[in-house]
file protein-v9.txt (compact mmCIF, C-alpha atoms)
# COMPACT_ATOMS: atom_id res chain seq x y z
CA MET A 1 76.79 155.89 38.97
CA ARG A 2 80.00 157.81 38.24
CA ILE A 3 82.99 155.48 38.33
CA ALA A 4 86.71 156.17 37.95
CA ILE A 5 89.04 153.67 36.33
CA LEU A 6 92.64 154.46 37.20
CA GLY A 7 94.89 152.88 34.59
CA THR A 8 94.67 152.38 30.84
CA GLY A 9 95.69 148.74 30.43
CA VAL A 10 93.58 145.77 29.48
CA VAL A 11 92.23 145.37 33.01
CA GLY A 12 91.00 148.96 33.16
CA SER A 13 89.48 148.95 29.69
CA THR A 14 87.77 145.59 30.28
CA ILE A 15 86.19 146.76 33.54
CA GLY A 16 85.37 150.15 32.02
CA ASP A 17 83.67 148.58 29.01
CA LYS A 18 81.53 146.40 31.23
CA LEU A 19 80.49 149.27 33.49
CA VAL A 20 79.59 151.47 30.53
CA SER A 21 77.60 148.62 29.00
CA ILE A 22 75.34 148.50 32.06
CA GLY A 23 74.76 152.23 32.09
CA HIS A 24 77.41 153.74 34.35
CA GLU A 25 79.38 156.89 33.58
CA VAL A 26 83.03 155.89 33.52
CA ARG A 27 86.08 158.14 33.39
CA MET A 28 89.44 156.53 32.72
CA GLY A 29 92.39 158.26 34.39
CA SER A 30 96.02 158.25 33.35
CA ARG A 31 99.18 160.26 33.99
CA SER A 32 98.41 162.74 31.24
CA ALA A 33 95.14 164.11 29.89
CA SER A 34 96.33 163.31 26.39
CA ASN A 35 97.05 159.60 26.93
CA GLU A 36 96.38 157.86 23.62
CA LYS A 37 95.11 154.61 25.07
CA ALA A 38 92.65 156.45 27.30
CA ARG A 39 91.47 158.65 24.42
CA ASP A 40 91.03 155.64 22.16
CA TRP A 41 89.14 153.79 24.86
CA ALA A 42 86.83 156.71 25.60
CA ALA A 43 86.14 157.29 21.90
CA ALA A 44 85.28 153.63 21.35
CA ALA A 45 83.28 153.11 24.53
CA GLY A 46 80.57 155.66 23.75
CA ARG A 47 78.87 158.60 25.31
CA LEU A 48 79.07 157.37 28.91
CA ALA A 49 82.85 157.12 28.69
CA SER A 50 85.36 159.92 29.21
CA GLN A 51 89.01 160.28 30.14
CA GLY A 52 91.33 162.63 31.95
CA THR A 53 94.17 162.76 34.41
CA PHE A 54 94.25 160.49 37.45
CA ALA A 55 93.06 163.48 39.50
CA ASP A 56 90.24 164.29 37.04
CA ALA A 57 89.01 160.72 37.09
CA ALA A 58 89.24 160.32 40.86
CA ALA A 59 87.37 163.60 41.43
CA PHE A 60 84.68 162.51 38.96
CA GLY A 61 84.10 159.06 40.41
CA GLU A 62 81.86 158.25 43.35
CA VAL A 63 83.98 155.12 43.51
CA ALA A 64 87.28 154.21 41.88
CA PHE A 65 89.10 151.14 40.60
CA ASN A 66 92.89 150.88 40.84
CA CYS A 67 93.80 149.14 37.59
CA THR A 68 97.32 150.53 37.30
CA ALA A 69 100.17 148.06 36.94
CA GLY A 70 100.99 146.89 40.45
CA VAL A 71 104.71 147.48 40.16
CA SER A 72 104.06 151.19 39.64
CA SER A 73 100.70 151.67 41.40
CA LEU A 74 102.06 153.71 44.30
CA ALA A 75 103.96 156.04 41.99
CA ALA A 76 101.01 156.35 39.62
CA LEU A 77 98.55 157.07 42.40
CA GLU A 78 100.71 159.92 43.75
CA SER A 79 99.12 162.27 41.23
CA VAL A 80 95.55 161.25 42.12
CA GLY A 81 95.43 163.66 45.05
CA ALA A 82 94.28 162.12 48.31
CA GLU A 83 91.43 164.62 48.60
CA ASN A 84 89.94 163.29 45.37
CA LEU A 85 89.59 159.82 46.91
CA ALA A 86 88.73 160.87 50.46
CA ARG A 87 85.89 158.82 51.99
CA LYS A 88 85.43 156.97 48.71
CA ILE A 89 85.80 153.26 48.14
CA LEU A 90 88.82 152.26 46.04
CA LEU A 91 88.59 148.77 44.60
CA ASP A 92 92.20 147.65 44.32
CA VAL A 93 92.45 145.14 41.50
CA SER A 94 96.21 145.38 40.98
CA ASN A 95 99.00 142.93 41.76
CA PRO A 96 102.67 143.84 42.33
CA LEU A 97 103.91 141.36 39.72
CA ASP A 98 107.32 142.07 38.21
CA PHE A 99 107.97 140.29 34.92
CA SER A 100 111.07 142.38 34.15
CA LYS A 101 113.47 139.64 35.23
CA GLY A 102 111.74 136.91 33.23
CA MET A 103 109.74 133.92 34.38
CA PRO A 104 108.66 133.10 36.96
CA PRO A 105 107.65 136.67 37.86
CA THR A 106 108.30 137.97 41.36
CA LEU A 107 106.33 140.27 43.62
CA THR A 108 107.79 143.69 44.42
CA ILE A 109 106.11 143.61 47.83
CA CYS A 110 104.94 140.54 49.72
CA ASN A 111 104.97 138.34 52.79
CA THR A 112 105.14 140.94 55.58
CA ASP A 113 103.28 143.57 53.56
CA SER A 114 101.17 143.91 50.44
CA LEU A 115 100.32 146.47 47.80
CA GLY A 116 96.78 146.68 49.17
CA GLU A 117 98.09 147.63 52.60
CA ALA A 118 100.59 150.09 51.13
CA ILE A 119 97.83 151.84 49.19
CA GLN A 120 95.63 151.96 52.30
CA ARG A 121 98.50 153.55 54.26
CA ARG A 122 99.09 156.11 51.51
CA PHE A 123 95.38 157.02 51.36
CA PRO A 124 94.21 156.70 54.98
CA ASP A 125 90.91 158.50 54.32
CA THR A 126 90.01 156.16 51.45
CA ARG A 127 88.31 152.82 52.01
CA VAL A 128 90.53 150.39 50.10
CA VAL A 129 88.97 147.02 49.23
CA LYS A 130 91.22 144.45 47.61
CA THR A 131 89.19 142.39 45.18
CA LEU A 132 89.02 140.73 41.74
CA GLY A 133 92.80 140.64 41.19
CA SER A 134 92.96 136.89 41.76
CA MET A 135 91.83 136.11 38.21
CA ASN A 136 92.00 137.24 34.58
CA CYS A 137 90.10 140.45 33.81
CA LYS A 138 87.67 138.76 31.43
CA VAL A 139 86.62 136.48 34.25
CA MET A 140 86.33 139.45 36.66
CA VAL A 141 83.51 141.01 34.66
CA GLU A 142 81.94 137.80 33.32
CA PRO A 143 82.28 134.97 35.84
CA SER A 144 79.83 132.88 33.81
CA ARG A 145 82.52 132.30 31.16
CA ILE A 146 83.77 129.58 33.50
CA ALA A 147 81.43 126.65 34.14
CA GLY A 148 80.16 126.04 37.64
CA ASP A 149 80.72 128.05 40.79
CA HIS A 150 84.00 129.72 41.60
CA ASP A 151 85.12 132.39 44.01
CA VAL A 152 85.94 136.06 44.34
CA PHE A 153 87.23 137.68 47.51
CA VAL A 154 87.00 141.03 49.28
CA ALA A 155 89.42 142.35 51.91
CA GLY A 156 89.54 145.77 53.52
CA ASN A 157 89.45 147.48 56.89
CA ASP A 158 85.89 148.84 56.63
CA PRO A 159 83.20 146.14 56.94
CA GLU A 160 80.56 148.34 55.28
CA ALA A 161 82.87 148.98 52.34
CA ARG A 162 83.47 145.22 51.96
CA ALA A 163 79.72 144.63 52.04
CA GLN A 164 79.12 147.39 49.48
CA VAL A 165 81.79 146.02 47.15
CA SER A 166 80.28 142.55 47.52
CA ARG A 167 76.90 143.93 46.41
CA TRP A 168 78.50 145.71 43.46
CA LEU A 169 80.33 142.56 42.36
CA GLN A 170 76.99 140.80 42.27
CA GLU A 171 75.03 143.60 40.61
CA TRP A 172 77.62 144.70 38.08
CA PHE A 173 79.33 141.47 37.12
CA GLY A 174 77.04 138.65 38.20
CA TRP A 175 79.14 137.17 41.00
CA LYS A 176 77.55 134.95 43.61
CA ALA A 177 78.30 135.71 47.27
CA PRO A 178 81.91 136.95 47.45
CA VAL A 179 84.08 135.56 50.25
CA ASP A 180 84.77 138.22 52.90
CA LEU A 181 88.34 137.78 54.13
CA GLY A 182 88.26 140.62 56.65
CA ASP A 183 90.84 143.36 56.98
CA ILE A 184 93.32 144.52 54.36
CA THR A 185 96.13 142.29 55.63
CA ALA A 186 94.39 139.53 53.64
CA ALA A 187 95.74 141.32 50.57
CA ARG A 188 99.03 139.52 51.33
CA GLY A 189 97.52 136.13 50.65
CA LEU A 190 95.49 137.36 47.70
CA GLU A 191 98.54 138.89 46.02
CA MET A 192 100.79 135.93 46.89
CA TRP A 193 98.37 133.64 45.07
CA LEU A 194 99.46 135.25 41.81
CA PRO A 195 102.71 133.32 41.30
CA LEU A 196 100.69 130.09 41.38
CA TRP A 197 98.05 131.66 39.13
CA VAL A 198 100.70 132.59 36.55
CA ARG A 199 102.16 129.10 36.69
CA LEU A 200 98.74 127.56 36.26
CA MET A 201 98.04 129.76 33.25
CA GLY A 202 101.13 128.25 31.63
CA THR A 203 100.16 124.72 32.63
CA LEU A 204 96.52 124.98 31.56
CA HIS A 205 97.31 127.05 28.44
CA THR A 206 94.46 129.42 29.23
CA ALA A 207 93.60 132.33 31.51
CA ASP A 208 90.00 131.14 31.66
CA PHE A 209 90.18 129.50 35.03
CA ASN A 210 89.63 130.53 38.61
CA LEU A 211 89.98 129.36 42.14
CA LYS A 212 87.03 127.62 43.68
CA LEU A 213 86.96 126.74 47.34
CA ALA A 214 85.89 123.10 47.51
CA ARG A 215 84.42 122.41 50.95
CA MET B 1 106.83 99.31 49.95
CA ARG B 2 109.24 100.73 52.51
CA ILE B 3 108.48 104.41 53.15
CA ALA B 4 110.26 106.98 55.33
CA ILE B 5 108.35 109.73 57.09
CA LEU B 6 110.71 112.49 58.18
CA GLY B 7 109.09 114.44 61.00
CA THR B 8 106.90 113.53 63.96
CA GLY B 9 104.14 116.10 63.80
CA VAL B 10 100.51 115.67 62.87
CA VAL B 11 101.29 115.72 59.14
CA GLY B 12 103.82 112.92 59.43
CA SER B 13 101.69 110.75 61.69
CA THR B 14 98.59 111.24 59.52
CA ILE B 15 100.42 110.24 56.35
CA GLY B 16 102.19 107.42 58.19
CA ASP B 17 98.94 106.03 59.57
CA LYS B 18 97.37 106.01 56.13
CA LEU B 19 100.34 104.28 54.51
CA VAL B 20 100.47 101.62 57.22
CA SER B 21 96.71 101.07 56.86
CA ILE B 22 97.16 100.11 53.21
CA GLY B 23 100.01 97.71 53.92
CA HIS B 24 103.23 99.70 53.59
CA GLU B 25 106.17 99.48 55.97
CA VAL B 26 106.67 102.96 57.39
CA ARG B 27 109.58 104.23 59.46
CA MET B 28 109.21 107.62 61.13
CA GLY B 29 112.45 109.57 61.49
CA SER B 30 113.31 112.26 63.98
CA ARG B 31 116.39 113.98 65.40
CA SER B 32 116.90 111.33 68.07
CA ALA B 33 116.19 107.60 68.11
CA SER B 34 114.41 108.05 71.42
CA ASN B 35 111.92 110.70 70.30
CA GLU B 36 108.77 110.16 72.34
CA LYS B 37 106.30 111.20 69.68
CA ALA B 38 107.89 108.85 67.16
CA ARG B 39 107.92 105.98 69.68
CA ASP B 40 104.32 106.57 70.61
CA TRP B 41 103.32 106.70 66.96
CA ALA B 42 105.18 103.50 66.07
CA ALA B 43 103.73 101.67 69.08
CA ALA B 44 100.19 102.70 68.18
CA ALA B 45 100.46 102.20 64.43
CA GLY B 46 101.18 98.48 64.56
CA ARG B 47 103.66 95.96 63.25
CA LEU B 48 104.35 97.72 59.94
CA ALA B 49 105.44 100.88 61.76
CA SER B 50 108.87 101.63 63.19
CA GLN B 51 110.92 104.65 64.13
CA GLY B 52 114.51 105.81 64.25
CA THR B 53 116.77 108.73 63.45
CA PHE B 54 116.31 110.76 60.30
CA ALA B 55 119.23 108.79 58.83
CA ASP B 56 117.75 105.42 59.86
CA ALA B 57 114.41 106.27 58.32
CA ALA B 58 115.86 107.67 55.10
CA ALA B 59 118.11 104.63 54.65
CA PHE B 60 115.12 102.33 55.26
CA GLY B 61 112.75 104.01 52.83
CA GLU B 62 112.59 103.40 49.10
CA VAL B 63 110.89 106.77 49.09
CA ALA B 64 110.63 109.50 51.73
CA PHE B 65 108.23 112.23 52.80
CA ASN B 66 109.53 115.50 54.23
CA CYS B 67 107.00 116.27 56.95
CA THR B 68 109.28 118.34 59.15
CA ALA B 69 108.17 121.85 60.06
CA GLY B 70 109.09 124.04 57.14
CA VAL B 71 110.82 126.71 59.21
CA SER B 72 113.36 124.14 60.35
CA SER B 73 113.32 121.62 57.49
CA LEU B 74 116.76 122.44 56.16
CA ALA B 75 118.33 122.17 59.60
CA ALA B 76 116.43 118.97 60.38
CA LEU B 77 117.35 117.35 57.10
CA GLU B 78 121.06 118.00 57.67
CA SER B 79 121.26 114.82 59.74
CA VAL B 80 119.51 112.67 57.10
CA GLY B 81 122.74 112.10 55.20
CA ALA B 82 122.54 112.85 51.49
CA GLU B 83 123.65 109.31 50.61
CA ASN B 84 120.56 107.91 52.35
CA LEU B 85 118.30 109.83 49.96
CA ALA B 86 120.43 109.54 46.82
CA ARG B 87 118.42 108.71 43.69
CA LYS B 88 115.26 108.39 45.79
CA ILE B 89 112.13 110.46 45.45
CA LEU B 90 111.50 112.87 48.34
CA LEU B 91 107.91 114.09 48.54
CA ASP B 92 108.23 117.54 50.09
CA VAL B 93 105.00 118.28 51.94
CA SER B 94 106.34 121.09 54.14
CA ASN B 95 105.74 124.83 54.07
CA PRO B 96 108.07 127.50 55.46
CA LEU B 97 105.35 129.09 57.60
CA ASP B 98 106.51 131.10 60.59
CA PHE B 99 103.82 131.66 63.23
CA SER B 100 106.32 132.91 65.83
CA LYS B 101 105.46 136.57 65.24
CA GLY B 102 101.71 136.02 65.43
CA MET B 103 99.05 136.24 62.77
CA PRO B 104 99.14 136.48 59.85
CA PRO B 105 102.07 134.04 59.60
CA THR B 106 104.94 134.85 57.26
CA LEU B 107 107.11 132.66 55.05
CA THR B 108 110.79 132.30 55.94
CA ILE B 109 111.63 131.88 52.26
CA CYS B 110 109.54 133.02 49.30
CA ASN B 111 109.13 135.01 46.10
CA THR B 112 112.58 134.54 44.50
CA ASP B 113 113.14 131.13 46.08
CA SER B 114 111.23 128.40 47.89
CA LEU B 115 111.80 125.69 50.44
CA GLY B 116 111.29 123.06 47.76
CA GLU B 117 114.09 124.56 45.67
CA ALA B 118 116.34 124.93 48.70
CA ILE B 119 115.88 121.26 49.58
CA GLN B 120 116.57 120.24 45.98
CA ARG B 121 119.80 122.29 46.02
CA ARG B 122 120.86 120.72 49.30
CA PHE B 123 120.17 117.17 48.00
CA PRO B 124 121.09 117.36 44.33
CA ASP B 125 121.04 113.57 43.88
CA THR B 126 117.53 113.27 45.30
CA ARG B 127 114.43 113.76 43.17
CA VAL B 128 112.42 116.30 45.15
CA VAL B 129 108.73 116.55 44.29
CA LYS B 130 106.72 119.28 45.99
CA THR B 131 103.21 118.03 46.61
CA LEU B 132 100.25 117.82 49.01
CA GLY B 133 101.32 120.80 51.16
CA SER B 134 98.59 123.02 49.74
CA MET B 135 95.95 121.55 52.06
CA ASN B 136 95.28 120.15 55.52
CA CYS B 137 96.85 116.73 56.20
CA LYS B 138 93.50 114.99 56.68
CA VAL B 139 92.54 116.06 53.18
CA MET B 140 95.93 114.94 51.81
CA VAL B 141 95.25 111.30 52.66
CA GLU B 142 91.47 111.33 52.23
CA PRO B 143 90.42 113.75 49.47
CA SER B 144 86.91 112.28 49.56
CA ARG B 145 86.24 114.04 52.86
CA ILE B 146 85.53 117.10 50.70
CA ALA B 147 82.58 116.89 48.33
CA GLY B 148 83.19 117.12 44.62
CA ASP B 149 86.44 117.36 42.72
CA HIS B 150 89.38 119.39 43.94
CA ASP B 151 93.04 119.56 43.09
CA VAL B 152 96.48 118.43 44.16
CA PHE B 153 99.70 119.48 42.47
CA VAL B 154 103.14 118.04 41.76
CA ALA B 155 106.28 120.04 40.96
CA GLY B 156 109.84 118.79 40.54
CA ASN B 157 112.70 118.75 38.09
CA ASP B 158 112.39 115.07 37.08
CA PRO B 159 109.34 114.37 34.88
CA GLU B 160 109.40 110.66 35.70
CA ALA B 161 109.45 111.41 39.42
CA ARG B 162 106.46 113.73 39.01
CA ALA B 163 104.62 111.01 37.10
CA GLN B 164 105.50 108.41 39.75
CA VAL B 165 104.32 110.66 42.56
CA SER B 166 101.10 111.33 40.65
CA ARG B 167 100.49 107.58 40.45
CA TRP B 168 101.20 107.17 44.17
CA LEU B 169 98.82 109.99 45.08
CA GLN B 170 96.11 108.17 43.18
CA GLU B 171 96.92 104.67 44.47
CA TRP B 172 97.63 105.53 48.08
CA PHE B 173 95.20 108.34 48.80
CA GLY B 174 92.54 108.22 46.09
CA TRP B 175 93.36 111.43 44.27
CA LYS B 176 92.15 111.97 40.73
CA ALA B 177 94.69 113.18 38.16
CA PRO B 178 97.12 115.52 39.95
CA VAL B 179 98.04 118.74 38.16
CA ASP B 180 101.64 118.64 36.92
CA LEU B 181 103.16 122.11 37.35
CA GLY B 182 106.57 121.25 35.93
CA ASP B 183 109.90 122.02 37.55
CA ILE B 184 110.59 122.74 41.18
CA THR B 185 110.38 126.52 40.78
CA ALA B 186 106.60 125.99 40.95
CA ALA B 187 107.17 125.35 44.65
CA ARG B 188 107.26 129.15 45.00
CA GLY B 189 103.65 129.50 44.00
CA LEU B 190 102.56 126.43 45.94
CA GLU B 191 104.19 127.67 49.14
CA MET B 192 103.00 131.27 48.62
CA TRP B 193 99.43 129.98 48.47
CA LEU B 194 99.67 129.17 52.18
CA PRO B 195 99.08 132.68 53.56
CA LEU B 196 95.74 132.72 51.72
CA TRP B 197 95.03 129.17 52.87
CA VAL B 198 95.62 130.15 56.51
CA ARG B 199 93.38 133.18 56.11
CA LEU B 200 90.66 131.07 54.54
CA MET B 201 90.84 128.57 57.38
CA GLY B 202 90.03 131.42 59.75
CA THR B 203 87.25 132.72 57.51
CA LEU B 204 85.63 129.34 56.86
CA HIS B 205 86.20 128.09 60.43
CA THR B 206 87.43 124.76 59.11
CA ALA B 207 90.50 123.17 57.55
CA ASP B 208 88.27 120.88 55.49
CA PHE B 209 88.53 122.79 52.25
CA ASN B 210 90.76 122.75 49.24
CA LEU B 211 91.53 124.58 46.07
CA LYS B 212 89.72 123.49 42.96
CA LEU B 213 90.61 124.87 39.57
CA ALA B 214 87.34 125.91 37.99
CA ARG B 215 87.75 126.01 34.20

call {"tool": "encode", "arguments": {"input": "protein-v9.txt", "output": "C-alpha cells"}}
result
Amino acid sequence: MRIAILGTGVVGSTIGDKLVSIGHEVRMGSRSASNEKARDWAAAAGRLASQGTFADAAAFGEVAFNCTAGVSSLAALESVGAENLARKILLDVSNPLDFSKGMPPTLTICNTDSLGEAIQRRFPDTRVVKTLGSMNCKVMVEPSRIAGDHDVFVAGNDPEARAQVSRWLQEWFGWKAPVDLGDITAARGLEMWLPLWVRLMGTLHTADFNLKLAR
Amino acid sequence: MRIAILGTGVVGSTIGDKLVSIGHEVRMGSRSASNEKARDWAAAAGRLASQGTFADAAAFGEVAFNCTAGVSSLAALESVGAENLARKILLDVSNPLDFSKGMPPTLTICNTDSLGEAIQRRFPDTRVVKTLGSMNCKVMVEPSRIAGDHDVFVAGNDPEARAQVSRWLQEWFGWKAPVDLGDITAARGLEMWLPLWVRLMGTLHTADFNLKLAR
C-alpha cells in the first residue's frame, strides 16, 4: 500500500519505519522537498521509502498519517492541498501539547474543541480518524513491548473509516480490538488525556506504559 | 475516626455509607442544616451518621471529603469556614464537569489550572489531596467490583498528606498501592481525564470500569 507520513519527527519516522518493514511504500512529507530529516530518514529506510513536500506525500499516499507537531499541525497541513487528501483516510496521531511555557505542558486547543475536530473541519472531504496519540510512538507500532492487554482508540465521523483503521491497527501493528469511541468529538477526551500521560511518564520514569480499561 | 463528607449527592452518600460501615463517625455537610437529602442519609445510615451545615461537618471531621458538584465546589465551600479545615487533610473527589450545555460535557476550569489547585489556593492552610475522582463512586469504595488490578491516584502539595491518604485508601476501601503523582498541579491531568471517562461510559454502557496503567 502507498502511505503518506506527514511530519518528520520521531513519531513519523517510527511509524514510517514500521510500515516499510512490513512491505508498504512510505513517503514522508515535510514543508520543503529538501528537508534534511526527511532525506536522512528516506535514505536509511530503504527502497520502499521516499520523501517530498507535504503535497507530494499526500498525493502519493492512499492513506495518510498526521504526525506533525500538534501545536503547528493546522499551519503545517495548509500546504498539503485539500484535493490531495480528498476521500482519503487521515489517521491523526498528533496532540496539541505546548511545552514552550515549561512543565506541566498545556494544550493549545481543548475542552470545547480539539485538534482532531479542527483538522476535520479544515479538510471536510477527508475522513479523519483520531487514533494512537494516547501513547508513546514505540508502543503505537509495537504494543507487545508492554506486558498484558492494553488499549488503543479510534474516533471519527465515518464508521467505515473507523472500522478500516481498526483493521489496519491490527494488521500493521498487532493491536487487539481497538475501542471505537464514535465521532470525532471524542478527540477532545483523547487529547485531554495527554496532560495525565505526561505526568505519569515523569512519575513512572518511562514512556513504556499505556492505558488499559479494567472492566 | 470523625470524618466530614461535604456534599449530599451520590458520591458523598456512597463514601459516607462505606465509612460508617467500617465504624467511622461521619457527618454529612450541606448548605443548610435542614437539607432533606442529608437528613434522609443520616437517618438511614445509622447511629454513626449525622448531618449539619458545611461548617458543622468540617469542624466535626478530623478529615474531610469534598464531594460537592465540581461546577459549584468553590461557591459551596465558601461557607465551610477556612478555620474549620485548617491543618486538616481535604480529599478532593470532585470534578468541574458541566453537563448544562449537553454532551459532551465540558470542564469549567482546565488546562492551565484545575479545581484541585483552586481549592488549595482558597484554603491555603488545608492539605488538599486530589484523589478518587477518576472513577465512578461505587468503584471508589469497592475496587474489587472490577476484576484484576487497576489504579487510583493521589496528588497534593504535602508529601505526608499524600502518604496518609494512600494509607486510608488501602485501609478504608481496599485499594492496592495508589500512584503518587506529586504536587497538586497533577489535578489538571486527573480532571482532564474525565471527558474521556464520560465518553467511555457511553461506549462501554457501564460505569464499572477504571483506568489501569499497563507497563

call {"tool": "closest_atom_pairs", "arguments": {"input": "protein-v9.txt", "of": "chain A", "to": "chain B", "cutoff": "6 Å", "atoms": "only C-alpha atoms", "output": "CSV"}}
result
residue,atom,partner,partner_atom,distance
A:Thr106,CA,B:Asn111,CA,5.6
A:Asn111,CA,B:Thr106,CA,5.7
A:Ile146,CA,B:Arg215,CA,5.4
A:Gly189,CA,B:Leu196,CA,4.0
A:Met192,CA,B:Met192,CA,5.4
A:Trp193,CA,B:Trp193,CA,5.1
A:Pro195,CA,B:Gly189,CA,4.8
A:Leu196,CA,B:Gly189,CA,4.0
A:Phe209,CA,B:Arg215,CA,4.3
A:Asn210,CA,B:Ala214,CA,5.2
A:Leu211,CA,B:Leu213,CA,5.2
A:Lys212,CA,B:Lys212,CA,5.0
A:Leu213,CA,B:Leu211,CA,5.2
A:Ala214,CA,B:Asn210,CA,5.2
A:Arg215,CA,B:Phe209,CA,4.3

call {"tool": "closest_residue", "arguments": {"input": "protein-v9.txt", "among": "A:Gly61, A:Lys138, A:Leu97, A:Ala161", "to": "Ser13 of chain A", "atoms": "all atoms listed in the file"}}
result
A:Lys138

call {"tool": "residues_around", "arguments": {"input": "protein-v9.txt", "residues": "Phe123 of chain B", "least_positions_apart": "6", "cutoff": "12 Å", "atoms": "only C-alpha atoms", "output": "list of chain:residue names"}}
result
B:Leu74, B:Leu77, B:Glu78, B:Val80, B:Gly81, B:Ala82, B:Glu83, B:Asn84, B:Leu85, B:Ala86, B:Arg87, B:Lys88, B:Ile89, B:Leu90, B:Gly116, B:Glu117

call {"tool": "closest_residue", "arguments": {"input": "protein-v9.txt", "among": "A:Ser34, A:Asn136, A:Thr53, A:Ser21", "to": "Leu6 of chain A", "atoms": "all atoms listed in the file"}}
result
A:Thr53

call {"tool": "atom_distance", "arguments": {"input": "protein-v9.txt", "atom1": "atom CA of Ala163 of chain B", "atom2": "atom CA of Asp183 of chain B"}}
result
12.2 Å

call {"tool": "atom_distance", "arguments": {"input": "protein-v9.txt", "atom1": "atom CA of Thr68 of chain B", "atom2": "atom CA of Gly12 of chain B"}}
result
7.7 Å

call {"tool": "atom_distance", "arguments": {"input": "protein-v9.txt", "atom1": "atom CA of Trp175 of chain A", "atom2": "atom CA of Gly29 of chain A"}}
result
25.8 Å

call {"tool": "residues_around", "arguments": {"input": "protein-v9.txt", "residues": "Ala177 of chain B", "least_positions_apart": "4", "cutoff": "12 Å", "atoms": "only C-alpha atoms", "output": "ChimeraX atom specification"}}
result
/B:149-154,162-171,173

call {"tool": "residues_around", "arguments": {"input": "protein-v9.txt", "residues": "His24 of chain B", "least_positions_apart": "4", "cutoff": "9 Å", "atoms": "all atoms listed in the file", "output": "PyMOL selection string"}}
result
chain B and resi 1-3+18-20+48-49

call {"tool": "closest_residue", "arguments": {"input": "protein-v9.txt", "among": "B:Ala45, B:Val10, B:Phe65, B:Asp158", "to": "Val93 of chain B", "atoms": "all atoms listed in the file"}}
result
B:Phe65
